[in-house]
Structure formats: structure tokens, C-alpha cells
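Presented below is the structure to which this report refers.
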Amino acid sequence: MHERYSRQTLFSPIGEAGQAKIRHKHVLLIGAGALGSANAEYLTRAGVGRLTIVDRDYVEESNLQRQQLYTEDDVQAKWPKAEAAKKHLQRINSDVDIRAVVMDGTAVSLEPLIADVDLIMDATDNFETRMVINDLSQKHQIPWIYGACVGSVGMSLTIVPGITPCLNCLLRTIPIQGMTCDTGGIISPAVTMTVAHQSAEALKILVEDWDAVRPSFVTFDMWRNQYQSMKISRAKKKDCLSCGEQRTFPFLTLENATKTAVLCGRDTVQVRPPQPLKLNLQKLSDDLANSGYTVKANPFLASIEQNGQRMVIFQDGRALVHGTKDEAHAKTLYQRILG
Amino acid sequence: MHERYSRQTLFSPIGEAGQAKIRHKHVLLIGAGALGSANAEYLTRAGVGRLTIVDRDYVEESNLQRQQLYTEDDVQAKWPKAEAAKKHLQRINSDVDIRAVVMDGTAVSLEPLIADVDLIMDATDNFETRMVINDLSQKHQIPWIYGACVGSVGMSLTIVPGITPCLNCLLRTIPIQGMTCDTGGIISPAVTMTVAHQSAEALKILVEDWDAVRPSFVTFDMWRNQYQSMKISRAKKKDCLSCGEQRTFPFLTLENATKTAVLCGRDTVQVRPPQPLKLNLQKLSDDLANSGYTVKANPFLASIEQNGQRMVIFQDGRALVHGTKDEAHAKTLYQRILG
Amino acid sequence: MIKVLLFAHLKDLIGKDEIEVNADELTVEQLRQKLSDEYGLHGLEGVMAAVNEEFADPDTMVSNGDTVAFIPPVSGG
Amino acid sequence: MIKVLLFAHLKDLIGKDEIEVNADELTVEQLRQKLSDEYGLHGLEGVMAAVNEEFADPDTMVSNGDTVAFIPPVSGG
């Protein structure tokens, strides 16, 4: 075994055998923001075999305060987070097979990615996507690790299909977003604390030490000095639509009605085309520049500005329309560009 | 205020006023290993005014599994940790004044650094240095934050002179090292968890939110799923030699007898010259290469090998003699090189 | 007496993280209602509850001497 | 009964993280000795102790119904 992993193999619950297991596992990480970038770094340092990172966003200045891996250069280049993470992770551990997927994680887009996945890590910023992950986890019998944070607060739960309750057992409905949306800001220790719990659970699952998996939901507040864990073994519901006897995986079959979404805590609307496109970003950029738009492009996206209105278009036709929370207005602006 | 810190100023216990305070504070970080590199990253992302990083070591392959910031290139170049950290931190936040100090932190070497320091962060790997920090903290009335980790275990305590007990009140003697030396390995979640606590406390102290400072000693085990905090308000000792009525700061005045030390958990001995030197590393390297040694140098150190015996000499004359735990043997090898 | 622990922003709503409620036997849902009516602690709908450190449903019974923690789920990441 | 909580590697020494000790009134130091003599739990010298979640000295008294946690200090970093 490598000198690189010597301190980890010295830890007896991992050992040489556990390290060999880690080296052959595939983790799917959904989100490359605060929780995602940190989890990606620790999984890569630990030597996971393959890491697939899905993210729909690009690096902005306001991310640098709490999203590790990213640098000022990534902000300048408007690099997509998944690709920026991959670039930094390869410098940290060239033995890990890192795959970056720049897209919006939905029931439709995520399912093709999970064929040989051993663990799904949650680093999303909304409960809709988490419920999709929860259903995918149950349908394909893959464990997943919920993590979330806002302000100085964080929480985590490990979900092992067939053993623990699932997130749908606990929440039953998607909680009202407004209450917890990141209008209250966020400090890095809340991120770090959440990631400590998620990455510990990830290692246990990767080395298959199932007895060590935390059997409780944990929550904490780093500013108010609170830490609470609650047992969840009796929370499993026989009638749960995600993991119960008559499971229907409701979040995979739900009509994916809205093609636009206001991003939580940001003055930004995401607009998606009916079908993913494969845009020629270079040609689009040239055309728009000729039409009087200010355009800045990289291989993954084009940032377009006119009259103080800014929009970022990804290769798959998805756009982030900045400076508005009005979905209709965002759609109008989008159609003006992409017809 | 910068867009960069927008999520942190939105967090109301910090706000614009707190952020302005953070921007004017100076943190002294002792150690740039696992706890040090992570604490350095979060303080830099949070926008601390000045960060001084002291470390005696250089980046090795076995560090990459848990020490953030560092990359494979740093291992190749044998870059000193303090300098490697500085290089990466500047790419993350060019607004922070980062100072790297490559040296062994002792009572004599640290005291000149703390003139205008607002907070000392502990990221050392031994109790001797922590007791020195504890005495410096009391003598100069600067808060410090103890953090330590091994295996899957970590702990932290915030020490505010005049308010809380000090580490000497709690420990009374330096605990037996052997018990906790890193022969049991270490996993990154134990590091991350410790850093989450340390960095939260650092932010509270930097924004001067003294009521929020955690009034308890906290300890946790990420594999065994344990978390415990204990109140320490009644642990302050009137007769404590570090913070009591008749304080003598014993760890500042102790005869610094040994000039050699076996590094915990490593097959390495550190040898120090009686007085710090200012070596011409280029000339030394050339001379040694001419004498048949294999030499690899960078601006901060020279790595010297002969007959499988390896030694790294820093500019101040300090050496890390690898492949031995025998102090006498290490000293002999050292004197063969530096007379 | 039922001991009620309030986490995260719930603490700030009434300025303390622990209150004692004079009640003998009621459901978690009834306790929520009582906290809203008598303590002005609104917005507990959708908040998770634990009784004696075990996850509780709205109809879980709470008795004299129990400790109930209210934990608001968060979605950021 | 005194409830004793064992942290970190102490848990592995006897295979569980919680034991009940039959004692009425003794000091932390005497409890350490008793654990060594009767439970084979050696190496508690230099280990920090908390009684009911409050830091305890060797001569702190422990009574029936108290919870004592033993926490070995660590030095790595």
C-alpha cells in the first residue's frame, strides 16, 4: 500500500483491507458548493477509486468564503464548479478517477449515472433534489448521506436502504424552504462540522464497517454551542412511499412540471430547455458579441451581459439568469437569446 | 464590504461590524499540519487581516491524506509546510497578509512573534509546545484555542485569560505522550471535526462575541459516534503556576535542556544547533554533492542522502534526521554534516 | 413538567434554549400547539421533534419528566 | 449505582462505552482504582474525568446516581 495512505491504514478499523476497499469504490457526489467541495477533497485525499461530481453552477466570488478547493482564478474564469473541483483534486491525488458532470441533478439526469455507484453523497442546497436522491437510493439500494447547513447550524443523517428509515419517513413532506433558505448567511464552521460527520460516515460505508454507521440523526449549532443526536430506529414507516412495503418512488415519477426555478437565497432564476441541447458556445458567443452583447466564454459556458442584465448559458442550454427572482421575466430574457 | 464576504456578513452575529473586526485582526497559528492547514484555510477564506503561520516541517507524501491545501507538487518539491500553505492561501484570498515562519516553535522562538497578536491557534502535535503556548497566552493576555486529534478522536478547548481556566489548570502535568501518539493513525474526519470547533471559536473571538464562546471542553469520536462536552468553569485553580495568583509561567522559564527530540509517531529525530544559524544552503548543497552525498535543495532546505540515511537541513541549522529514533545516533550524523 | 429544548433559530425566538412546560400527558402535536398559544413560539410546523433523544411523530405521546427537542430541518449546502 | 462512560480507546479496552459501578460515595481517584482492580480497566492515570458533565479533580466526590466520564487527552495535530 502507498506511503500516502499510511496514517489511514494505521487506523485499525480501516487497515490495509479497508484501504483496498476504498480504492475500489465509486462515490457519486451531488453538488460541488460548500459541502460538495469539502467532501470531494476528503474523499479524494482518502483515495476513493472513482468520484463523480455533479453540479449545475460556476464559481463566484461569494463562494470563496466557505467553499474549499476554489481560488480567485476560478472566479475570474467563471469555471463550472464540477470542472474547477476536478482540476484541483487531480493535483491533490492523481490516483483518483475524477469525473465532472456540469448539469442540473434531476430524477431524469441522475439515474443514468448510478449504475455502479457504491455511495451517494448529498451536497445539494434544496429538499427537492434530496427527495430525488432518497428515491434513487431506495430504488437502486445504494446508501446515501444527507448533509445540510445554514447560518451556524448543520445536520446529517446516514440512510442505508433496508436497514435505516429513509428521509421521506422522517420528513413526510418537503419542509417549507423559506424557513431555512440561506438568507441567514452561512459560516464555514457549520459547513466543516457537517462535512466531518458526512465524511466519517462515508469512510465507514466504503470499508463496509456497517456496525460503526451512526444510528442517529445529528444536528448542531456552532455559534449557540448546541449538539443533539436523536435515534431514528423506530422512525421507519411501513407505508412510506419511498422505502415502505408499497413503494412507488414518488419523487422519480412526479411530473417534472417546472422548467424554471428560483435559486434559494440568490437573486437568480434557472431556466432549462425542454430537452438538453448541445450548444456550439463559440458560435453563440460570436453571434451575440456581434449583436452588441458583452460576452465572456470558456469551454463550458458563456456569460452574457447587456444593459446590466447578466445571464450564464451552459453547453446543455441551461441558463442562470441573474438579477431577478421573476421566473416569467427570466424566461423572456432567455428566449430572447436562445429563441 | 466585499461581495466575497456577503454570506458571512449576512450571518447576524458577524454582520458588517464583525467583518470589519475580522479584517483588522492578527492570528498566530502554531503548526501547519492537519489542524494547521485546515484552520489556515478557513481563517484566510473568512478574511482575517493577518495570519502568521509557524511550522518546523516540510510536506511529505503521507501528509496528503489529511492535510488540506497541500498537493503532489509540494511533496515533490519538499516545500516547507508554512511556505507551501502561504503559496496556496494567497491564491485563495490575496487580501490576507500571510506570513510564513519556518522554525521550531519554542518559548524562545515564539515570544518575539506575539506583539500584536489577537488570537493564538494551536495546531501543534505535542503537549510541550501547548504548555508553552498556554504560558504565553497568560503572560500576554491573548486567548488561544486548543485542538488535538488522533485516530477518530478529537477535542478542543477555548482559553480566555482572566475568564476561563487554562490548560495547566486542567492537566496539571503533561500527559504521557505514548498513550496518544499517532501510532494509531488518523482519519480526516477527526481533523475536520476538531477544526470545525476551533474555527467557530476563532470567529467568535475575532468578532469579540465573548458571550458566544463555548464554556466547555468538548471531545468526540467520529468512528465510535461519541460526543461529550464538560463544563470547566469550576476548574480554575488559584494556585495554578500559569494563570493563578502566584503565576510563574513555568513553561517559559524551564531550562530548554534538550536540543534533540524524537518526533511523535515518526521514525525521525529533530536536532537543533545551540544558536539558530543562517546557512548558505546553496554552498552547503554544492559542498555535500562534491563529497558524494545525494542532495536535493530548494530555497528553504536541503535534503541529503547517503547509504540510505536521509536528513533534511533547514536554513536555521535545524535538521530532521530520518530513519532513526536514536537521539545520540542522530546527533552524530548531524555533526558529521555540520561539524 | 416537560423539558423543551429549542435548537438553532428557535432559541432566538424566545431568547433561551430550554423551557419547562407544565403538562402531564399530551401528543407532540398538542405540545406544539401549546407552545404557540401560551409561549408565543410560532412556526413549529414542519419542525422535527425528538422525545428523550428519539425521533417522534406528531402523535407520539409526551409525559411528565420527558425531554422534547425541536429541531428545524435545514436545506442549505 | 454510578454510571461510567468510557471514551475513545477506553471503550475498546472492555468492549463497551458504558458500565454501571456499584458504589455509593467515593472520590474520582478511588473510582479509578476500583475500575482498575475490579474491571481490569487500567491506564486511567492522566485521563481527564467529568462528573455530571463538569470537569472533575481526583478528589471530587462521586455519589450514587452520578455519571462519570473518562476522557483520555490526545496530543496529535
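Residue names in the C-alpha cells use chain letters A, B, ... in the order shown, residue numbers from 1 in each chain, and ligand numbers from 1 in the order shown.
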I need the residues of range 111-319 of chain A that end up classed as helix (DSSP H, G or I) by DSSP on the backbone, written out as a tab-separated table (two decimals) with N, CA and C atoms, in the first residue's frame.
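Saved result, part-v2.tsv, follows:
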```tsv
chain	number	residue	atom	x	y	z
A	111	GLU	N	-30.35	9.42	-12.81
A	111	GLU	CA	-30.48	7.96	-12.83
A	111	GLU	C	-29.46	7.26	-13.72
A	112	PRO	N	-29.14	7.79	-14.92
A	112	PRO	CA	-28.14	7.10	-15.75
A	112	PRO	C	-26.74	7.06	-15.13
A	113	LEU	N	-26.48	7.88	-14.12
A	113	LEU	CA	-25.12	7.95	-13.56
A	113	LEU	C	-24.84	6.90	-12.49
A	127	PHE	N	-34.40	20.61	-0.78
A	127	PHE	CA	-35.02	19.33	-0.41
A	127	PHE	C	-35.60	18.58	-1.61
A	128	GLU	N	-35.96	19.29	-2.69
A	128	GLU	CA	-36.49	18.59	-3.87
A	128	GLU	C	-35.47	17.59	-4.39
A	129	THR	N	-34.22	18.06	-4.58
A	129	THR	CA	-33.19	17.15	-5.09
A	129	THR	C	-32.89	16.04	-4.09
A	130	ARG	N	-32.93	16.38	-2.80
A	130	ARG	CA	-32.67	15.34	-1.78
A	130	ARG	C	-33.73	14.24	-1.84
A	131	MET	N	-34.97	14.61	-2.10
A	131	MET	CA	-36.01	13.59	-2.18
A	131	MET	C	-35.82	12.72	-3.42
A	132	VAL	N	-35.29	13.30	-4.49
A	132	VAL	CA	-34.94	12.52	-5.68
A	132	VAL	C	-33.81	11.53	-5.32
A	133	ILE	N	-32.78	12.05	-4.64
A	133	ILE	CA	-31.67	11.18	-4.22
A	133	ILE	C	-32.19	10.05	-3.33
A	134	ASN	N	-33.08	10.41	-2.41
A	134	ASN	CA	-33.64	9.43	-1.48
A	134	ASN	C	-34.36	8.30	-2.23
A	135	ASP	N	-35.13	8.65	-3.25
A	135	ASP	CA	-35.83	7.63	-4.04
A	135	ASP	C	-34.87	6.81	-4.88
A	136	LEU	N	-33.88	7.46	-5.47
A	136	LEU	CA	-32.87	6.72	-6.25
A	136	LEU	C	-32.13	5.74	-5.36
A	137	SER	N	-31.81	6.18	-4.15
A	137	SER	CA	-31.12	5.33	-3.18
A	137	SER	C	-31.93	4.08	-2.86
A	138	GLN	N	-33.24	4.24	-2.67
A	138	GLN	CA	-34.08	3.10	-2.35
A	138	GLN	C	-34.27	2.19	-3.56
A	139	LYS	N	-34.47	2.80	-4.72
A	139	LYS	CA	-34.73	2.00	-5.92
A	139	LYS	C	-33.51	1.15	-6.28
A	140	HIS	N	-32.31	1.72	-6.12
A	140	HIS	CA	-31.09	1.02	-6.53
A	140	HIS	C	-30.31	0.45	-5.35
A	167	LEU	N	-35.26	9.36	4.31
A	167	LEU	CA	-35.57	10.76	4.61
A	167	LEU	C	-37.06	11.04	4.50
A	168	ASN	N	-37.75	10.33	3.63
A	168	ASN	CA	-39.18	10.51	3.46
A	168	ASN	C	-39.95	10.00	4.70
A	169	CYS	N	-39.43	8.97	5.38
A	169	CYS	CA	-40.03	8.52	6.64
A	169	CYS	C	-40.00	9.65	7.67
A	170	LEU	N	-38.90	10.39	7.68
A	170	LEU	CA	-38.71	11.40	8.72
A	170	LEU	C	-39.44	12.70	8.40
A	171	LEU	N	-39.40	13.09	7.12
A	171	LEU	CA	-39.95	14.42	6.80
A	171	LEU	C	-41.39	14.36	6.32
A	182	ASP	N	-30.90	30.19	2.57
A	182	ASP	CA	-29.70	30.81	3.14
A	182	ASP	C	-29.73	32.34	3.16
A	183	THR	N	-30.89	32.90	3.45
A	183	THR	CA	-30.98	34.33	3.68
A	183	THR	C	-30.31	34.72	5.00
A	184	GLY	N	-30.05	33.71	5.85
A	184	GLY	CA	-29.39	33.98	7.13
A	184	GLY	C	-27.88	33.86	7.04
A	188	SER	N	-18.25	29.18	7.74
A	188	SER	CA	-17.59	27.93	7.35
A	188	SER	C	-17.58	26.85	8.43
A	189	PRO	N	-17.53	27.17	9.73
A	189	PRO	CA	-17.52	26.06	10.69
A	189	PRO	C	-18.78	25.19	10.63
A	190	ALA	N	-19.92	25.77	10.22
A	190	ALA	CA	-21.13	24.96	10.07
A	190	ALA	C	-20.97	23.97	8.92
A	191	VAL	N	-20.31	24.42	7.87
A	191	VAL	CA	-20.01	23.55	6.74
A	191	VAL	C	-19.06	22.43	7.19
A	192	THR	N	-17.98	22.84	7.82
A	192	THR	CA	-16.92	21.92	8.22
A	192	THR	C	-17.46	20.84	9.15
A	193	MET	N	-18.28	21.25	10.10
A	193	MET	CA	-18.87	20.32	11.07
A	193	MET	C	-19.75	19.29	10.35
A	194	THR	N	-20.55	19.76	9.41
A	194	THR	CA	-21.43	18.85	8.65
A	194	THR	C	-20.58	17.87	7.85
A	195	VAL	N	-19.54	18.38	7.22
A	195	VAL	CA	-18.68	17.54	6.39
A	195	VAL	C	-17.92	16.52	7.25
A	196	ALA	N	-17.54	16.90	8.46
A	196	ALA	CA	-16.87	15.95	9.35
A	196	ALA	C	-17.76	14.73	9.56
A	197	HIS	N	-19.04	14.98	9.80
A	197	HIS	CA	-19.97	13.86	10.00
A	197	HIS	C	-20.19	13.08	8.72
A	198	GLN	N	-20.38	13.78	7.61
A	198	GLN	CA	-20.63	13.07	6.34
A	198	GLN	C	-19.42	12.24	5.93
A	199	SER	N	-18.23	12.80	6.06
A	199	SER	CA	-17.05	12.08	5.56
A	199	SER	C	-16.68	10.91	6.47
A	200	ALA	N	-16.96	11.02	7.77
A	200	ALA	CA	-16.74	9.87	8.67
A	200	ALA	C	-17.67	8.72	8.26
A	201	GLU	N	-18.94	9.05	8.03
A	201	GLU	CA	-19.89	8.02	7.63
A	201	GLU	C	-19.52	7.41	6.29
A	202	ALA	N	-19.02	8.26	5.38
A	202	ALA	CA	-18.61	7.76	4.06
A	202	ALA	C	-17.50	6.71	4.21
A	203	LEU	N	-16.51	7.00	5.06
A	203	LEU	CA	-15.41	6.04	5.24
A	203	LEU	C	-15.94	4.72	5.80
A	204	LYS	N	-16.85	4.79	6.77
A	204	LYS	CA	-17.41	3.56	7.35
A	204	LYS	C	-18.09	2.71	6.27
A	205	ILE	N	-18.86	3.39	5.42
A	205	ILE	CA	-19.59	2.67	4.38
A	205	ILE	C	-18.63	2.13	3.33
A	206	LEU	N	-17.62	2.90	2.98
A	206	LEU	CA	-16.67	2.45	1.95
A	206	LEU	C	-15.88	1.24	2.43
A	210	TRP	N	-20.37	-1.71	8.79
A	210	TRP	CA	-21.77	-1.32	8.98
A	210	TRP	C	-22.14	-1.11	10.44
A	211	ASP	N	-21.48	-1.85	11.34
A	211	ASP	CA	-21.79	-1.68	12.77
A	211	ASP	C	-21.41	-0.29	13.28
A	212	ALA	N	-20.45	0.33	12.60
A	212	ALA	CA	-19.99	1.64	13.08
A	212	ALA	C	-20.87	2.78	12.57
A	233	SER	N	-34.20	4.67	14.86
A	233	SER	CA	-34.50	3.28	14.50
A	233	SER	C	-36.01	2.99	14.45
A	234	ARG	N	-36.80	3.69	15.28
A	234	ARG	CA	-38.24	3.41	15.29
A	234	ARG	C	-39.02	4.31	14.33
A	235	ALA	N	-38.30	5.12	13.53
A	235	ALA	CA	-38.99	6.08	12.66
A	235	ALA	C	-39.35	5.49	11.30
A	250	PRO	N	-42.11	8.25	-5.35
A	250	PRO	CA	-42.89	9.37	-5.89
A	250	PRO	C	-42.05	10.48	-6.49
A	251	PHE	N	-40.83	10.66	-6.00
A	251	PHE	CA	-40.04	11.80	-6.48
A	251	PHE	C	-39.31	11.48	-7.79
A	252	LEU	N	-39.41	10.21	-8.22
A	252	LEU	CA	-38.87	9.86	-9.54
A	252	LEU	C	-39.95	9.94	-10.61
A	253	THR	N	-41.20	9.78	-10.20
A	253	THR	CA	-42.28	9.70	-11.18
A	253	THR	C	-43.07	11.00	-11.28
A	281	LEU	N	-20.87	26.79	-28.18
A	281	LEU	CA	-20.74	28.01	-27.38
A	281	LEU	C	-19.91	29.08	-28.09
A	282	GLN	N	-18.94	28.63	-28.88
A	282	GLN	CA	-18.08	29.58	-29.57
A	282	GLN	C	-18.90	30.39	-30.58
A	283	LYS	N	-19.71	29.66	-31.36
A	283	LYS	CA	-20.53	30.33	-32.38
A	283	LYS	C	-21.56	31.25	-31.70
A	284	LEU	N	-22.20	30.73	-30.68
A	284	LEU	CA	-23.19	31.53	-29.94
A	284	LEU	C	-22.55	32.82	-29.43
A	285	SER	N	-21.36	32.69	-28.84
A	285	SER	CA	-20.67	33.85	-28.29
A	285	SER	C	-20.37	34.87	-29.37
A	286	ASP	N	-19.87	34.38	-30.49
A	286	ASP	CA	-19.54	35.29	-31.59
A	286	ASP	C	-20.79	36.03	-32.08
A	287	ASP	N	-21.86	35.27	-32.28
A	287	ASP	CA	-23.11	35.87	-32.76
A	287	ASP	C	-23.60	36.94	-31.79
A	288	LEU	N	-23.58	36.60	-30.51
A	288	LEU	CA	-24.10	37.55	-29.52
A	288	LEU	C	-23.21	38.79	-29.41
A	289	ALA	N	-21.90	38.57	-29.51
A	289	ALA	CA	-20.98	39.72	-29.48
A	289	ALA	C	-21.26	40.64	-30.65
A	290	ASN	N	-21.51	40.05	-31.81
A	290	ASN	CA	-21.84	40.86	-33.00
A	290	ASN	C	-23.16	41.61	-32.82
```
Just fit chain D onto chain C on all the Cα atoms, in order, by least squares, and give it as a tab-separated table (two decimals) with C-alpha atoms, in the first residue's frame.
```
chain	number	residue	atom	x	y	z
D	1	MET	CA	-43.01	19.14	33.91
D	2	ILE	CA	-41.87	18.61	30.33
D	3	LYS	CA	-38.46	19.97	29.40
D	4	VAL	CA	-38.43	21.57	25.94
D	5	LEU	CA	-35.12	22.14	24.11
D	6	LEU	CA	-35.06	24.67	21.29
D	7	PHE	CA	-32.44	24.41	18.58
D	8	ALA	CA	-30.92	26.88	16.18
D	9	HIS	CA	-33.09	29.93	15.38
D	10	LEU	CA	-35.90	28.66	17.63
D	11	LYS	CA	-33.69	29.62	20.58
D	12	ASP	CA	-33.65	33.24	19.44
D	13	LEU	CA	-37.44	33.41	19.10
D	14	ILE	CA	-37.85	33.39	22.87
D	15	GLY	CA	-34.29	34.11	23.98
D	16	LYS	CA	-33.49	30.80	25.65
D	17	ASP	CA	-32.78	27.26	24.55
D	18	GLU	CA	-34.61	25.46	27.34
D	19	ILE	CA	-38.08	25.94	28.81
D	20	GLU	CA	-40.20	23.91	31.20
D	21	VAL	CA	-43.81	23.31	30.24
D	22	ASN	CA	-46.39	22.41	32.83
D	23	ALA	CA	-48.19	19.44	31.31
D	24	ASP	CA	-48.80	15.85	32.12
D	25	GLU	CA	-49.70	13.83	29.07
D	26	LEU	CA	-50.14	15.12	25.56
D	27	THR	CA	-49.03	14.47	21.98
D	28	VAL	CA	-46.10	16.22	20.29
D	29	GLU	CA	-48.66	18.00	18.10
D	30	GLN	CA	-50.58	19.21	21.16
D	31	LEU	CA	-47.31	20.37	22.72
D	32	ARG	CA	-46.54	22.36	19.56
D	33	GLN	CA	-49.96	23.98	19.80
D	34	LYS	CA	-49.48	24.76	23.49
D	35	LEU	CA	-46.08	26.36	22.81
D	36	SER	CA	-47.66	28.51	20.13
D	37	ASP	CA	-50.68	29.51	22.24
D	38	GLU	CA	-49.02	30.04	25.61
D	39	TYR	CA	-45.40	30.88	24.82
D	40	GLY	CA	-45.74	32.71	21.52
D	41	LEU	CA	-43.49	30.14	19.91
D	42	HIS	CA	-44.85	30.02	16.38
D	43	GLY	CA	-43.53	28.29	13.29
D	44	LEU	CA	-43.10	24.83	14.76
D	45	GLU	CA	-44.97	23.24	11.85
D	46	GLY	CA	-42.54	21.16	9.79
D	47	VAL	CA	-40.02	21.23	12.63
D	48	MET	CA	-38.71	17.80	13.65
D	49	ALA	CA	-39.25	16.66	17.22
D	50	ALA	CA	-37.34	14.22	19.41
D	51	VAL	CA	-38.69	12.82	22.66
D	52	ASN	CA	-35.92	11.68	25.01
D	53	GLU	CA	-33.43	11.75	22.12
D	54	GLU	CA	-35.57	9.57	19.89
D	55	PHE	CA	-37.30	10.77	16.71
D	56	ALA	CA	-41.00	11.49	17.36
D	57	ASP	CA	-44.07	11.72	15.15
D	58	PRO	CA	-46.82	14.32	15.69
D	59	ASP	CA	-48.90	11.72	17.55
D	60	THR	CA	-46.07	10.46	19.80
D	61	MET	CA	-47.13	10.78	23.45
D	62	VAL	CA	-45.14	13.03	25.80
D	63	SER	CA	-45.34	12.51	29.55
D	64	ASN	CA	-44.30	14.28	32.70
D	65	GLY	CA	-40.49	14.14	33.03
D	66	ASP	CA	-39.81	13.76	29.30
D	67	THR	CA	-37.45	15.97	27.33
D	68	VAL	CA	-38.65	17.16	23.93
D	69	ALA	CA	-36.26	18.75	21.44
D	70	PHE	CA	-37.47	20.77	18.45
D	71	ILE	CA	-35.09	20.76	15.51
D	72	PRO	CA	-35.81	22.78	12.36
D	73	PRO	CA	-34.57	20.97	9.23
D	74	VAL	CA	-32.21	23.00	7.04
D	75	SER	CA	-31.65	22.74	3.31
D	76	GLY	CA	-28.50	24.70	2.50
D	77	GLY	CA	-25.32	23.14	1.31
```
Which chain A residues are at most 6 Å from chain C (counting only C-alpha atoms), as a CSV table (one decimal) with N, CA and C atoms, in the first residue's frame?
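Saved to iface25.csv:
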```csv
chain,number,residue,atom,x,y,z
A,34,ALA,N,-20.4,24.3,-0.9
A,34,ALA,CA,-19.7,24.3,0.3
A,34,ALA,C,-19.5,22.8,0.8
A,35,LEU,N,-20.6,22.1,0.9
A,35,LEU,CA,-20.5,20.7,1.4
A,35,LEU,C,-19.8,19.8,0.3
A,123,ALA,N,-24.8,16.9,-1.4
A,123,ALA,CA,-24.2,18.2,-1.1
A,123,ALA,C,-25.1,19.2,-1.9
A,124,THR,N,-26.4,18.9,-2.0
A,124,THR,CA,-27.3,19.8,-2.7
A,124,THR,C,-27.7,21.0,-1.7
A,125,ASP,N,-28.5,21.9,-2.3
A,125,ASP,CA,-28.9,23.0,-1.5
A,125,ASP,C,-30.5,23.1,-1.4
A,126,ASN,N,-31.1,22.0,-1.7
A,126,ASN,CA,-32.6,22.0,-1.6
A,126,ASN,C,-33.2,20.6,-1.4
A,148,ALA,N,-26.7,19.0,5.5
A,148,ALA,CA,-27.2,20.4,5.2
A,148,ALA,C,-26.7,21.3,6.2
A,149,CYS,N,-26.6,22.6,5.8
A,149,CYS,CA,-26.2,23.6,6.8
A,149,CYS,C,-26.6,25.0,6.3
A,150,VAL,N,-26.8,25.9,7.3
A,150,VAL,CA,-27.2,27.3,7.1
A,150,VAL,C,-26.8,28.0,8.3
A,175,PRO,N,-40.1,20.1,3.6
A,175,PRO,CA,-40.3,21.3,4.5
A,175,PRO,C,-40.3,22.6,3.7
A,180,THR,N,-35.6,28.0,6.0
A,180,THR,CA,-34.2,27.6,6.2
A,180,THR,C,-33.3,28.0,5.0
A,230,MET,N,-30.4,12.2,17.7
A,230,MET,CA,-31.7,11.5,18.1
A,230,MET,C,-31.7,10.2,17.4
A,231,LYS,N,-32.1,9.2,18.1
A,231,LYS,CA,-32.2,7.8,17.5
A,231,LYS,C,-33.3,7.8,16.5
A,232,ILE,N,-33.2,7.1,15.4
A,232,ILE,CA,-34.2,7.1,14.4
A,232,ILE,C,-34.7,5.7,14.1
```
Q.
I'd like the neighbourhood of Gly308 in chain B as a PyMOL selection string, where a residue qualifies if any of its atoms comes within 12 Å (using only C-alpha atoms), though same-chain residues fewer than 2 positions away should be ignored.
A. chain B and resi 293-294+304-306+310-311+321-324
Q: Residues of chain A near chain B: apply a cut-off of 6 Å, count only C-alpha atoms, and supply the list as a PyMOL selection string.
A: chain A and resi 3-4+7-8+10-11+45-46+61-62+65+71-72+91-92+151+184-187+189+192-193+196+200
Q: May I have all residues of range 112-288 of chain A that DSSP, computed from the backbone, assigns to strand (DSSP E or B), given as an MDAnalysis selection string?
A: chainID A and resid 119:122 144:151 153:159 186 216:221 226:231 260:262 268:271
Write a file of the selected residues as a PDB file, in the first residue's frame, keeping C-alpha atoms.
```
ATOM      1  CA  LEU A 119     -22.419   5.548  -2.153  1.00  0.00           C
ATOM      2  CA  ILE A 120     -24.246   8.794  -2.882  1.00  0.00           C
ATOM      3  CA  MET A 121     -23.137  11.916  -1.028  1.00  0.00           C
ATOM      4  CA  ASP A 122     -25.653  14.728  -0.675  1.00  0.00           C
ATOM      5  CA  TRP A 144     -26.675   7.943   0.864  1.00  0.00           C
ATOM      6  CA  ILE A 145     -25.603  10.544   3.394  1.00  0.00           C
ATOM      7  CA  TYR A 146     -27.757  13.602   3.946  1.00  0.00           C
ATOM      8  CA  GLY A 147     -25.980  16.778   4.979  1.00  0.00           C
ATOM      9  CA  ALA A 148     -27.203  20.362   5.174  1.00  0.00           C
ATOM     10  CA  CYS A 149     -26.157  23.617   6.766  1.00  0.00           C
ATOM     11  CA  VAL A 150     -27.177  27.262   7.074  1.00  0.00           C
ATOM     12  CA  GLY A 151     -26.029  30.052   9.380  1.00  0.00           C
ATOM     13  CA  VAL A 153     -26.353  25.205  12.022  1.00  0.00           C
ATOM     14  CA  GLY A 154     -25.806  21.857  10.377  1.00  0.00           C
ATOM     15  CA  MET A 155     -27.244  18.350  10.364  1.00  0.00           C
ATOM     16  CA  SER A 156     -26.599  14.920   8.926  1.00  0.00           C
ATOM     17  CA  LEU A 157     -28.201  11.502   8.574  1.00  0.00           C
ATOM     18  CA  THR A 158     -26.945   8.270   7.060  1.00  0.00           C
ATOM     19  CA  ILE A 159     -29.542   6.297   5.103  1.00  0.00           C
ATOM     20  CA  ILE A 186     -23.527  30.816   6.439  1.00  0.00           C
ATOM     21  CA  SER A 216     -28.926   8.643  14.747  1.00  0.00           C
ATOM     22  CA  PHE A 217     -29.846  11.952  13.178  1.00  0.00           C
ATOM     23  CA  VAL A 218     -27.371  14.551  14.356  1.00  0.00           C
ATOM     24  CA  THR A 219     -27.754  18.329  14.497  1.00  0.00           C
ATOM     25  CA  PHE A 220     -25.612  21.123  15.911  1.00  0.00           C
ATOM     26  CA  ASP A 221     -25.228  24.848  16.142  1.00  0.00           C
ATOM     27  CA  GLN A 226     -25.580  23.002  20.758  1.00  0.00           C
ATOM     28  CA  TYR A 227     -25.172  19.365  19.759  1.00  0.00           C
ATOM     29  CA  GLN A 228     -28.010  16.860  19.696  1.00  0.00           C
ATOM     30  CA  SER A 229     -28.388  13.401  18.304  1.00  0.00           C
ATOM     31  CA  MET A 230     -31.669  11.528  18.098  1.00  0.00           C
ATOM     32  CA  LYS A 231     -32.173   7.837  17.491  1.00  0.00           C
ATOM     33  CA  THR A 260     -37.642  27.252 -14.249  1.00  0.00           C
ATOM     34  CA  ALA A 261     -36.619  27.587 -10.615  1.00  0.00           C
ATOM     35  CA  VAL A 262     -35.612  30.462  -8.364  1.00  0.00           C
ATOM     36  CA  THR A 268     -31.090  34.176  -9.758  1.00  0.00           C
ATOM     37  CA  VAL A 269     -33.513  32.072 -11.820  1.00  0.00           C
ATOM     38  CA  GLN A 270     -32.509  28.846 -13.551  1.00  0.00           C
ATOM     39  CA  VAL A 271     -34.162  28.224 -16.947  1.00  0.00           C
TER      40      VAL A 271
END
```
Q) What is the CA of Lys21 in chain A to CA of Asp116 in chain A distance in Å? A)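 Computed distance, CA of Lys21 in chain A to CA of Asp116 in chain A, equals 14.4 Å.
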Q | CA of Leu301 in chain B to CA of Val102 in chain B, straight-line distance in Å | A |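 Computing the Euclidean distance for CA of Val102 in chain B and CA of Leu301 in chain B yields 9.9 Å.
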